[in-house]
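Trainee: Contents of coords_35.cif (mmCIF, C-alpha atoms) are below:
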data_start
loop_
_atom_site.group_PDB
_atom_site.id
_atom_site.type_symbol
_atom_site.label_atom_id
_atom_site.label_comp_id
_atom_site.auth_asym_id
_atom_site.auth_seq_id
_atom_site.Cartn_x
_atom_site.Cartn_y
_atom_site.Cartn_z
ATOM 1 C CA MET A 12 -4.742 -16.447 64.821
ATOM 2 C CA PRO A 13 -0.974 -15.860 65.412
ATOM 3 C CA LEU A 14 1.436 -18.450 64.043
ATOM 4 C CA ASP A 15 2.924 -20.850 66.576
ATOM 5 C CA TRP A 16 6.729 -20.514 66.759
ATOM 6 C CA ASP A 17 7.186 -24.187 67.646
ATOM 7 C CA LYS A 18 5.238 -25.230 64.557
ATOM 8 C CA LEU A 19 7.230 -22.794 62.408
ATOM 9 C CA ARG A 20 10.451 -24.249 63.797
ATOM 10 C CA VAL A 21 9.276 -27.736 62.829
ATOM 11 C CA PHE A 22 8.168 -26.495 59.395
ATOM 12 C CA HIS A 23 11.591 -24.937 58.819
ATOM 13 C CA ALA A 24 13.321 -28.197 59.774
ATOM 14 C CA VAL A 25 11.071 -30.274 57.499
ATOM 15 C CA ALA A 26 11.546 -27.905 54.546
ATOM 16 C CA GLU A 27 15.330 -28.084 55.044
ATOM 17 C CA ALA A 28 15.449 -31.872 55.477
ATOM 18 C CA GLY A 29 12.839 -32.865 52.904
ATOM 19 C CA SER A 30 11.266 -35.510 55.119
ATOM 20 C CA PHE A 31 9.514 -35.901 58.449
ATOM 21 C CA THR A 32 11.974 -38.586 59.548
ATOM 22 C CA HIS A 33 15.139 -36.556 58.953
ATOM 23 C CA ALA A 34 13.578 -33.442 60.461
ATOM 24 C CA GLY A 35 12.597 -35.457 63.528
ATOM 25 C CA GLU A 36 16.180 -36.697 63.917
ATOM 26 C CA ASN A 37 17.447 -33.117 63.770
ATOM 27 C CA LEU A 38 14.841 -31.904 66.272
ATOM 28 C CA ASN A 39 14.969 -34.979 68.520
ATOM 29 C CA LEU A 40 11.280 -35.603 67.871
ATOM 30 C CA SER A 41 9.457 -38.658 66.582
ATOM 31 C CA GLN A 42 8.336 -38.802 62.969
ATOM 32 C CA SER A 43 4.692 -38.845 64.087
ATOM 33 C CA ALA A 44 5.171 -35.771 66.289
ATOM 34 C CA VAL A 45 6.674 -33.860 63.381
ATOM 35 C CA SER A 46 3.853 -34.963 61.087
ATOM 36 C CA ARG A 47 1.215 -33.807 63.614
ATOM 37 C CA GLN A 48 2.849 -30.378 63.939
ATOM 38 C CA ILE A 49 2.866 -29.896 60.171
ATOM 39 C CA GLN A 50 -0.737 -31.068 59.875
ATOM 40 C CA ALA A 51 -1.785 -28.633 62.619
ATOM 41 C CA LEU A 52 0.051 -25.769 60.879
ATOM 42 C CA GLU A 53 -1.643 -26.577 57.571
ATOM 43 C CA GLU A 54 -5.023 -26.642 59.277
ATOM 44 C CA ALA A 55 -4.332 -23.301 60.981
ATOM 45 C CA LEU A 56 -3.369 -21.716 57.663
ATOM 46 C CA SER A 57 -6.011 -23.599 55.637
ATOM 47 C CA VAL A 58 -3.438 -24.352 52.906
ATOM 48 C CA PRO A 59 -1.323 -27.409 52.061
ATOM 49 C CA LEU A 60 2.399 -26.800 52.636
ATOM 50 C CA PHE A 61 3.884 -30.010 51.232
ATOM 51 C CA HIS A 62 3.226 -32.464 48.440
ATOM 52 C CA ARG A 63 3.701 -35.942 49.930
ATOM 53 C CA HIS A 64 5.114 -38.727 47.776
ATOM 54 C CA ALA A 65 7.086 -41.938 48.226
ATOM 55 C CA ARG A 66 10.511 -40.306 47.865
ATOM 56 C CA GLY A 67 9.928 -37.462 50.284
ATOM 57 C CA LEU A 68 8.289 -34.046 50.525
ATOM 58 C CA ILE A 69 8.119 -31.157 48.067
ATOM 59 C CA LEU A 70 6.982 -27.691 49.074
ATOM 60 C CA THR A 71 3.745 -26.462 47.540
ATOM 61 C CA GLU A 72 3.537 -22.949 46.125
ATOM 62 C CA GLN A 73 2.122 -21.765 49.453
ATOM 63 C CA GLY A 74 4.836 -23.714 51.272
ATOM 64 C CA GLU A 75 7.539 -22.013 49.203
ATOM 65 C CA THR A 76 6.121 -18.616 50.133
ATOM 66 C CA LEU A 77 6.120 -19.448 53.836
ATOM 67 C CA TYR A 78 9.577 -21.052 53.637
ATOM 68 C CA ARG A 79 11.191 -17.946 52.116
ATOM 69 C CA THR A 80 9.957 -15.839 55.039
ATOM 70 C CA VAL A 81 10.677 -18.413 57.750
ATOM 71 C CA ARG A 82 14.181 -19.060 56.386
ATOM 72 C CA GLU A 83 14.980 -15.357 56.514
ATOM 73 C CA VAL A 84 13.573 -14.971 60.022
ATOM 74 C CA PHE A 85 15.524 -17.938 61.397
ATOM 75 C CA ALA A 86 18.714 -16.719 59.707
ATOM 76 C CA LYS A 87 18.326 -13.319 61.381
ATOM 77 C CA LEU A 88 17.597 -14.969 64.727
ATOM 78 C CA ALA A 89 20.757 -17.066 64.405
ATOM 79 C CA MET A 90 22.762 -13.946 63.587
ATOM 80 C CA THR A 91 21.277 -12.101 66.575
ATOM 81 C CA GLU A 92 22.010 -15.021 68.887
ATOM 82 C CA ALA A 93 25.634 -15.044 67.717
ATOM 83 C CA GLN A 94 25.956 -11.323 68.341
ATOM 84 C CA LEU A 95 24.411 -11.533 71.809
ATOM 85 C CA THR A 96 26.587 -14.424 72.940
ATOM 86 C CA GLU A 97 29.794 -13.219 71.276
ATOM 87 C CA SER A 98 32.618 -12.305 73.612
ATOM 88 C CA ARG A 99 34.887 -9.545 72.349
ATOM 89 C CA GLU A 100 37.587 -10.562 74.811
ATOM 90 C CA ARG A 101 38.036 -14.190 73.798
ATOM 91 C CA ALA A 102 37.100 -16.403 70.862
ATOM 92 C CA ALA A 103 34.388 -18.879 71.791
ATOM 93 C CA GLY A 104 31.394 -20.593 70.216
ATOM 94 C CA ARG A 105 30.650 -22.200 66.857
ATOM 95 C CA LEU A 106 32.170 -20.916 63.618
ATOM 96 C CA LYS A 107 30.842 -22.300 60.331
ATOM 97 C CA VAL A 108 33.494 -22.065 57.610
ATOM 98 C CA THR A 109 32.900 -22.815 53.936
ATOM 99 C CA THR A 110 35.393 -23.159 51.115
ATOM 100 C CA THR A 111 35.980 -25.259 48.005
ATOM 101 C CA THR A 112 36.342 -29.018 48.277
ATOM 102 C CA GLY A 113 39.905 -28.915 46.955
ATOM 103 C CA PHE A 114 41.264 -26.143 49.168
ATOM 104 C CA GLY A 115 39.324 -27.378 52.172
ATOM 105 C CA ALA A 116 40.443 -31.003 51.911
ATOM 106 C CA MET A 117 44.018 -30.508 50.717
ATOM 107 C CA TRP A 118 45.138 -27.323 52.507
ATOM 108 C CA LEU A 119 42.762 -26.243 55.270
ATOM 109 C CA ALA A 120 41.696 -29.473 56.993
ATOM 110 C CA PRO A 121 45.264 -30.628 57.846
ATOM 111 C CA ARG A 122 45.912 -27.288 59.614
ATOM 112 C CA LEU A 123 42.794 -27.054 61.769
ATOM 113 C CA ALA A 124 44.346 -28.939 64.687
ATOM 114 C CA ARG A 125 46.761 -26.040 65.159
ATOM 115 C CA PHE A 126 43.927 -23.517 65.180
ATOM 116 C CA LEU A 127 41.806 -25.461 67.654
ATOM 117 C CA SER A 128 44.762 -26.044 69.977
ATOM 118 C CA ARG A 129 45.174 -22.266 70.208
ATOM 119 C CA HIS A 130 41.453 -21.554 70.513
ATOM 120 C CA PRO A 131 39.919 -24.525 72.361
ATOM 121 C CA GLU A 132 36.658 -22.709 73.069
ATOM 122 C CA VAL A 133 35.856 -22.407 69.363
ATOM 123 C CA THR A 134 33.888 -25.205 67.707
ATOM 124 C CA LEU A 135 34.393 -25.394 63.950
ATOM 125 C CA THR A 136 32.019 -26.633 61.275
ATOM 126 C CA LEU A 137 33.734 -27.053 57.895
ATOM 127 C CA LEU A 138 31.395 -27.003 54.878
ATOM 128 C CA LEU A 139 33.126 -27.970 51.634
ATOM 129 C CA ASP A 140 31.181 -26.927 48.558
ATOM 130 C CA ASP A 141 32.267 -25.756 45.119
ATOM 131 C CA THR A 142 29.242 -23.484 44.907
ATOM 132 C CA ASP A 143 29.069 -20.315 46.981
ATOM 133 C CA LEU A 144 26.960 -20.798 50.085
ATOM 134 C CA ASP A 145 24.828 -17.787 51.008
ATOM 135 C CA LEU A 146 26.511 -16.046 53.930
ATOM 136 C CA ALA A 147 23.743 -13.464 54.206
ATOM 137 C CA MET A 148 21.307 -16.316 54.888
ATOM 138 C CA ARG A 149 23.703 -17.848 57.461
ATOM 139 C CA GLU A 150 24.428 -20.980 55.450
ATOM 140 C CA ALA A 151 27.930 -20.319 56.801
ATOM 141 C CA ASP A 152 29.554 -17.635 58.945
ATOM 142 C CA VAL A 153 32.691 -17.066 56.884
ATOM 143 C CA ALA A 154 34.007 -18.217 53.521
ATOM 144 C CA ILE A 155 37.383 -18.708 51.907
ATOM 145 C CA ARG A 156 36.659 -17.975 48.251
ATOM 146 C CA LEU A 157 39.032 -18.573 45.366
ATOM 147 C CA HIS A 158 37.528 -15.728 43.378
ATOM 148 C CA ALA A 159 36.537 -12.151 44.113
ATOM 149 C CA PRO A 160 33.263 -12.111 46.107
ATOM 150 C CA ARG A 161 30.240 -11.288 43.977
ATOM 151 C CA GLN A 162 27.901 -10.156 46.776
ATOM 152 C CA PRO A 163 28.435 -6.414 47.393
ATOM 153 C CA ASP A 164 27.204 -6.527 50.994
ATOM 154 C CA LEU A 165 29.996 -8.816 52.238
ATOM 155 C CA ILE A 166 33.270 -7.783 53.843
ATOM 156 C CA GLN A 167 36.253 -9.213 51.986
ATOM 157 C CA ARG A 168 39.915 -9.500 52.918
ATOM 158 C CA HIS A 169 42.463 -10.610 50.335
ATOM 159 C CA LEU A 170 44.380 -13.596 51.715
ATOM 160 C CA ALA A 171 46.779 -14.839 49.071
ATOM 161 C CA THR A 172 47.595 -15.264 45.403
ATOM 162 C CA PHE A 173 48.066 -18.812 44.138
ATOM 163 C CA ASN A 174 49.653 -19.926 40.888
ATOM 164 C CA TRP A 175 49.405 -23.237 39.056
ATOM 165 C CA ARG A 176 51.973 -25.976 38.517
ATOM 166 C CA ILE A 177 51.988 -28.521 35.705
ATOM 167 C CA VAL A 178 52.737 -31.973 37.088
ATOM 168 C CA ALA A 179 52.918 -35.645 36.195
ATOM 169 C CA SER A 180 54.208 -38.849 37.719
ATOM 170 C CA ALA A 181 57.771 -40.006 37.063
ATOM 171 C CA GLU A 182 56.339 -43.215 35.605
ATOM 172 C CA TYR A 183 54.188 -41.330 33.089
ATOM 173 C CA LEU A 184 57.079 -39.096 32.016
ATOM 174 C CA LYS A 185 59.323 -42.114 31.570
ATOM 175 C CA GLN A 186 56.766 -43.726 29.256
ATOM 176 C CA ALA A 187 55.447 -40.663 27.395
ATOM 177 C CA GLY A 188 58.476 -38.368 27.510
ATOM 178 C CA VAL A 189 58.980 -35.015 29.189
ATOM 179 C CA PRO A 190 57.381 -32.082 27.325
ATOM 180 C CA GLN A 191 59.845 -29.228 26.800
ATOM 181 C CA ARG A 192 57.377 -26.600 25.593
ATOM 182 C CA ALA A 193 53.687 -25.958 26.174
ATOM 183 C CA GLU A 194 53.070 -26.930 22.526
ATOM 184 C CA ASP A 195 54.332 -30.428 23.346
ATOM 185 C CA LEU A 196 51.238 -31.023 25.477
ATOM 186 C CA ASP A 197 49.399 -31.748 22.215
ATOM 187 C CA ALA A 198 51.048 -35.184 22.309
ATOM 188 C CA HIS A 199 50.120 -35.972 25.922
ATOM 189 C CA ARG A 200 47.120 -37.101 27.940
ATOM 190 C CA LEU A 201 45.597 -34.361 30.080
ATOM 191 C CA ILE A 202 43.573 -34.724 33.273
ATOM 192 C CA VAL A 203 41.230 -31.750 33.610
ATOM 193 C CA TYR A 204 38.456 -30.461 35.825
ATOM 194 C CA GLY A 205 34.871 -31.445 35.060
ATOM 195 C CA THR A 206 32.364 -29.182 33.366
ATOM 196 C CA TYR A 207 30.442 -28.443 36.564
ATOM 197 C CA ARG A 208 30.219 -24.875 37.871
ATOM 198 C CA PRO A 209 33.824 -24.375 38.952
ATOM 199 C CA PRO A 210 34.737 -22.001 41.757
ATOM 200 C CA VAL A 211 37.916 -20.901 39.975
ATOM 201 C CA GLU A 212 38.043 -18.944 36.743
ATOM 202 C CA ASP A 213 40.103 -20.427 33.858
ATOM 203 C CA ILE A 214 40.320 -23.694 35.771
ATOM 204 C CA ASN A 215 41.070 -25.683 32.596
ATOM 205 C CA TRP A 216 43.648 -23.283 31.168
ATOM 206 C CA LEU A 217 45.990 -26.237 30.545
ATOM 207 C CA VAL A 218 43.806 -27.336 27.634
ATOM 208 C CA ASP A 219 44.754 -24.238 25.636
ATOM 209 C CA ALA A 220 48.244 -23.448 26.985
ATOM 210 C CA GLY A 221 50.556 -23.094 23.972
ATOM 211 C CA ARG A 222 48.087 -24.892 21.766
ATOM 212 C CA ARG A 223 48.725 -24.733 18.053
ATOM 213 C CA SER A 224 45.896 -23.464 15.893
ATOM 214 C CA GLY A 225 43.713 -26.470 15.162
ATOM 215 C CA GLY A 226 46.141 -28.762 16.947
ATOM 216 C CA PRO A 227 44.886 -31.713 19.004
ATOM 217 C CA ARG A 228 44.867 -31.623 22.770
ATOM 218 C CA ARG A 229 43.700 -34.896 24.291
ATOM 219 C CA GLN A 230 41.697 -34.713 27.515
ATOM 220 C CA VAL A 231 41.814 -38.264 28.756
ATOM 221 C CA ILE A 232 39.417 -37.681 31.670
ATOM 222 C CA GLU A 233 37.438 -34.975 33.488
ATOM 223 C CA MET A 234 37.046 -34.963 37.269
ATOM 224 C CA ASN A 235 35.311 -32.608 39.697
ATOM 225 C CA SER A 236 37.511 -33.520 42.664
ATOM 226 C CA LEU A 237 41.010 -32.205 43.290
ATOM 227 C CA PRO A 238 42.039 -35.190 45.470
ATOM 228 C CA ALA A 239 40.847 -37.512 42.677
ATOM 229 C CA ILE A 240 42.888 -35.580 40.094
ATOM 230 C CA ILE A 241 45.974 -35.922 42.288
ATOM 231 C CA ALA A 242 45.389 -39.654 42.707
ATOM 232 C CA ALA A 243 44.871 -40.152 38.966
ATOM 233 C CA THR A 244 48.004 -38.162 38.130
ATOM 234 C CA ARG A 245 50.024 -40.106 40.684
ATOM 235 C CA SER A 246 48.850 -43.364 39.068
ATOM 236 C CA GLY A 247 50.430 -42.369 35.760
ATOM 237 C CA LEU A 248 47.229 -41.523 33.909
ATOM 238 C CA GLY A 249 48.461 -38.226 32.485
ATOM 239 C CA ILE A 250 49.430 -34.590 33.071
ATOM 240 C CA ALA A 251 47.471 -32.178 35.284
ATOM 241 C CA ALA A 252 47.625 -28.616 36.605
ATOM 242 C CA LEU A 253 47.507 -28.215 40.382
ATOM 243 C CA PRO A 254 47.284 -25.034 42.459
ATOM 244 C CA ASP A 255 50.560 -24.344 44.195
ATOM 245 C CA TYR A 256 49.130 -24.515 47.697
ATOM 246 C CA ILE A 257 49.683 -28.250 47.105
ATOM 247 C CA ASP A 258 53.248 -29.525 47.470
ATOM 248 C CA GLU A 259 53.614 -31.777 44.438
ATOM 249 C CA THR A 260 56.745 -33.460 45.819
ATOM 250 C CA ARG A 261 54.810 -34.674 48.857
ATOM 251 C CA GLU A 262 52.231 -36.118 46.480
ATOM 252 C CA GLY A 263 54.943 -38.046 44.615
ATOM 253 C CA LEU A 264 54.640 -35.890 41.504
ATOM 254 C CA VAL A 265 57.166 -34.143 39.278
ATOM 255 C CA ARG A 266 56.818 -30.540 38.167
ATOM 256 C CA ILE A 267 57.263 -29.912 34.438
ATOM 257 C CA LEU A 268 57.213 -26.848 32.176
ATOM 258 C CA PRO A 269 58.032 -24.446 35.055
ATOM 259 C CA HIS A 270 58.408 -21.478 32.680
ATOM 260 C CA VAL A 271 54.882 -21.681 31.228
ATOM 261 C CA LYS A 272 52.855 -18.641 32.235
ATOM 262 C CA THR A 273 49.802 -19.637 34.261
ATOM 263 C CA PRO A 274 46.696 -17.814 35.499
ATOM 264 C CA ARG A 275 46.513 -16.639 39.089
ATOM 265 C CA VAL A 276 43.952 -17.588 41.704
ATOM 266 C CA GLU A 277 43.062 -14.904 44.248
ATOM 267 C CA ALA A 278 41.915 -16.108 47.666
ATOM 268 C CA TYR A 279 39.614 -14.002 49.860
ATOM 269 C CA TYR A 280 38.288 -14.239 53.402
ATOM 270 C CA VAL A 281 34.633 -13.204 53.307
ATOM 271 C CA TYR A 282 31.987 -12.594 55.973
ATOM 272 C CA PRO A 283 28.807 -10.545 56.512
ATOM 273 C CA GLU A 284 28.865 -7.032 57.956
ATOM 274 C CA GLU A 285 27.128 -8.343 61.090
ATOM 275 C CA MET A 286 30.189 -10.471 61.892
ATOM 276 C CA ARG A 287 32.627 -7.546 61.723
ATOM 277 C CA ASN A 288 33.220 -7.455 65.497
ATOM 278 C CA SER A 289 33.234 -11.218 66.021
ATOM 279 C CA LYS A 290 36.327 -12.422 67.861
ATOM 280 C CA ARG A 291 35.963 -15.883 66.312
ATOM 281 C CA VAL A 292 35.993 -14.398 62.820
ATOM 282 C CA ALA A 293 39.040 -12.269 63.635
ATOM 283 C CA VAL A 294 41.194 -15.026 65.139
ATOM 284 C CA PHE A 295 40.401 -17.406 62.283
ATOM 285 C CA ARG A 296 41.367 -14.716 59.761
ATOM 286 C CA ASP A 297 44.641 -14.089 61.592
ATOM 287 C CA PHE A 298 45.326 -17.819 61.665
ATOM 288 C CA LEU A 299 44.813 -18.118 57.896
ATOM 289 C CA VAL A 300 47.080 -15.155 57.159
ATOM 290 C CA ALA A 301 49.829 -16.577 59.375
ATOM 291 C CA GLU A 302 49.584 -20.059 57.865
ATOM 292 C CA LEU A 303 49.674 -18.736 54.310
ATOM 293 C CA ALA A 304 52.681 -16.565 55.122
ATOM 294 C CA ALA A 305 54.667 -19.436 56.667
ATOM 295 C CA PRO A 306 57.283 -20.776 54.183
ATOM 296 C CA ALA A 307 56.508 -24.387 55.019
ATOM 297 C CA THR A 308 52.798 -24.134 54.249
ATOM 298 C CA GLY A 309 52.909 -23.681 50.503
ATOM 299 C CA HIS A 310 53.923 -21.449 47.636
ATOM 300 C CA ALA A 311 51.327 -18.692 47.924
ATOM 301 C CA SER A 312 52.075 -15.023 48.272
ATOM 302 C CA ALA A 313 50.140 -14.027 51.377
ATOM 303 C CA ALA A 314 48.246 -10.793 51.644
ATOM 304 C CA GLU A 315 49.867 -7.894 53.446
#
Is it possible to express this structure as structure tokens?

Mentor:
Amino acid sequence: MPLDWDKLRVFHAVAEAGSFTHAGENLNLSQSAVSRQIQALEEALSVPLFHRHARGLILTEQGETLYRTVREVFAKLAMTEAQLTESRERAAGRLKVTTTTGFGAMWLAPRLARFLSRHPEVTLTLLLDDTDLDLAMREADVAIRLHAPRQPDLIQRHLATFNWRIVASAEYLKQAGVPQRAEDLDAHRLIVYGTYRPPVEDINWLVDAGRRSGGPRRQVIEMNSLPAIIAATRSGLGIAALPDYIDETREGLVRILPHVKTPRVEAYYVYPEEMRNSKRVAVFRDFLVAELAAPATGHASAAE
């Protein structure tokens, strides 16, 4: 008996959402209709696909097997649909963009109005995540990554090189003093990034910058949010390192230790081979390059 595409579509939605109710909202179906479709699919296959419990649904081993295949099929269908409807003459349609929470919230989001005013037929979805979404599985169409792409089958374009700046509030520096050398940071409170999986290599380089052998270096707090780090630094909590796509003066912060050597962060525009001829992908890339090259947009060195 061939599998019913409608039931597979419902199964895919339920596996993604983790509940009949949320899947029904996404599909514009009632919870009972979704439940009946899943029950009918399980009866047709003669295997259970979900473990039901009070907090939601968990895929069974058989469900996991089916989900891997269905997820791949629906990803390829979405890619094919995009290719078939893509106009090479003008940019139109939905473009799903993913990048880190910090870069997306602090740099990209404030500039999207300019992009959409130039390309009103494009609809953007911005997915901020500090883990790399799978572009091959169409979790997003394009990515702005702050590290070299690790998947060999993706097209990558270098966008810019960012440096770091050491900053604090004027109030904190008045109370704690202004460090003159990197070694002086041993006597100050540092605000650093949390120990989650960071998207940027050497993200907590400030902890070891100029550190004396065995010397103390006090980390007063760890945070996994760049906007939160900025807010905490502005409040006078301590000293932090910020990427230089952020204008510290606009954030009410003071740059210190400008001569300390810092790591570099390389930014890349990344997309699957299937999106090579997409007009939406091309115009968004050109927009990013132009914005990064504009003197007023930040301190990055844009790609050639």

Trainee: Can you turn the PyMOL selection byres ((chain A and resi 122-126) around 10) into a concrete residue list for this file, as a list in words?

Mentor: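 For this structure, the PyMOL selection byres ((chain A and resi 122-126) around 10) resolves to Gly115, Met117, Trp118, Leu119, Ala120, Pro121, Leu127, Ser128, Arg129, His130, Pro131, Val133, Leu135, Leu137, Val294, Phe295, Phe298, Leu299, Glu302 and Thr308 of chain A.
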
Trainee: Given the file shown, determine the residues that the PyMOL selection byres ((chain A and resi 260-269) around 8) selects; report them as a list in words.

Mentor: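 That expression, the PyMOL selection byres ((chain A and resi 260-269) around 8), corresponds here to Arg176, Ile177, Val178, Ala179, Ser180, Ala181, Val189, Pro190, Gln191, Arg192, Ala193, Ile241, Thr244, Arg245, Asp258, Glu259, His270 and Val271 of chain A.
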
Trainee: Can you list, as a compact mmCIF listing (two decimals) with C-alpha atoms, keeping the file's coordinate frame, the residues that the PyMOL selection byres ((chain A and resi 163-173) around 8) selects here?

Mentor:
# COMPACT_ATOMS: atom_id res chain seq x y z
CA PRO A 160 33.26 -12.11 46.11
CA ARG A 161 30.24 -11.29 43.98
CA GLN A 162 27.90 -10.16 46.78
CA ASN A 174 49.65 -19.93 40.89
CA TRP A 175 49.40 -23.24 39.06
CA PRO A 254 47.28 -25.03 42.46
CA ASP A 255 50.56 -24.34 44.20
CA TYR A 256 49.13 -24.52 47.70
CA ARG A 275 46.51 -16.64 39.09
CA VAL A 276 43.95 -17.59 41.70
CA GLU A 277 43.06 -14.90 44.25
CA ALA A 278 41.92 -16.11 47.67
CA TYR A 279 39.61 -14.00 49.86
CA TYR A 280 38.29 -14.24 53.40
CA VAL A 281 34.63 -13.20 53.31
CA TYR A 282 31.99 -12.59 55.97
CA PRO A 283 28.81 -10.54 56.51
CA GLU A 284 28.86 -7.03 57.96
CA ARG A 287 32.63 -7.55 61.72
CA LEU A 299 44.81 -18.12 57.90
CA VAL A 300 47.08 -15.16 57.16
CA LEU A 303 49.67 -18.74 54.31
CA HIS A 310 53.92 -21.45 47.64
CA ALA A 311 51.33 -18.69 47.92
CA SER A 312 52.08 -15.02 48.27
CA ALA A 313 50.14 -14.03 51.38
CA ALA A 314 48.25 -10.79 51.64

Trainee: Contacts of stretch 53-57 of chain A at 10 Å or less, counting all atoms listed in the file, minus same-chain residues fewer than 2 places along, as a PDB file with C-alpha atoms, in the coordinates of the input?

Mentor:
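And here is the file that came out, out.pdb:
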ATOM      1  CA  MET A  12      -4.742 -16.447  64.821  1.00  0.00           C
ATOM      2  CA  PRO A  13      -0.974 -15.860  65.412  1.00  0.00           C
ATOM      3  CA  LEU A  14       1.436 -18.450  64.043  1.00  0.00           C
ATOM      4  CA  ASP A  15       2.924 -20.850  66.576  1.00  0.00           C
ATOM      5  CA  LYS A  18       5.238 -25.230  64.557  1.00  0.00           C
ATOM      6  CA  PHE A  22       8.168 -26.495  59.395  1.00  0.00           C
ATOM      7  CA  ARG A  47       1.215 -33.807  63.614  1.00  0.00           C
ATOM      8  CA  GLN A  48       2.849 -30.378  63.939  1.00  0.00           C
ATOM      9  CA  ILE A  49       2.866 -29.896  60.171  1.00  0.00           C
ATOM     10  CA  GLN A  50      -0.737 -31.068  59.875  1.00  0.00           C
ATOM     11  CA  ALA A  51      -1.785 -28.633  62.619  1.00  0.00           C
ATOM     12  CA  PRO A  59      -1.323 -27.409  52.061  1.00  0.00           C
ATOM     13  CA  LEU A  60       2.399 -26.800  52.636  1.00  0.00           C
ATOM     14  CA  PHE A  61       3.884 -30.010  51.232  1.00  0.00           C
ATOM     15  CA  GLN A  73       2.122 -21.765  49.453  1.00  0.00           C
ATOM     16  CA  GLY A  74       4.836 -23.714  51.272  1.00  0.00           C
TER      17      GLY A  74
END

Trainee: Residues near A:Phe85, anyone? I mean within 10 Å using only C-alpha atoms, not counting same-chain ones fewer than 2 positions away, as a VMD selection string.

Mentor: chain A and resid 19 to 20 23 80 to 83 87 to 91 148 to 149

Trainee: Counting all atoms listed in the file, find residues at most 10 Å from (11.8, -34.7, 58.7) (file frame) and give them as a list in words.

Mentor: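 Within the cut-off we find Val21, Phe22, His23, Ala24, Val25, Ala26, Glu27, Ala28, Gly29, Ser30, Phe31, Thr32, His33, Ala34, Gly35, Glu36, Asn37, Leu38, Leu40, Ser41, Gln42, Ser43, Val45, Ser46, Gly67 and Leu68 of chain A.
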
Trainee: For a test of reading the model, state the distance in Å between atom CA of A:Val231 and atom CA of A:His158, rounded to one decimal.

Mentor: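 Answer for the atom CA of A:Val231 to atom CA of A:His158 separation: 27.2 Å.
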
Trainee: Could you please determine the separation between atom CA of A:Asp197 and atom CA of A:Ile257 in Å, to one decimal place?

Mentor: 25.1 Å

Trainee: What does the structure give for the distance between atom CA of A:Thr109 and atom CA of A:Ala159, in Å to one decimal?

Mentor: 14.9 Å

Trainee: With only C-alpha atoms as the atoms that count, which of A:Tyr204, A:Asp17, A:Asp297, A:Leu146 lies nearest to A:Ile240?

Mentor: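 Looking at the shortest contact to A:Ile240, the residue is A:Tyr204.
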
Trainee: Pick the closest to A:Glu212 from A:His199, A:Arg79, A:Arg156, A:Lys185: which is it, counting all atoms listed in the file?

Mentor: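 For A:Glu212, the nearest of the given residues is A:Arg156.
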
Trainee: Between A:Gly205, A:Ile232, A:Val58, A:Met286, which one has atoms that come closest to A:Glu75, using all atoms listed in the file?

Mentor: A:Val58
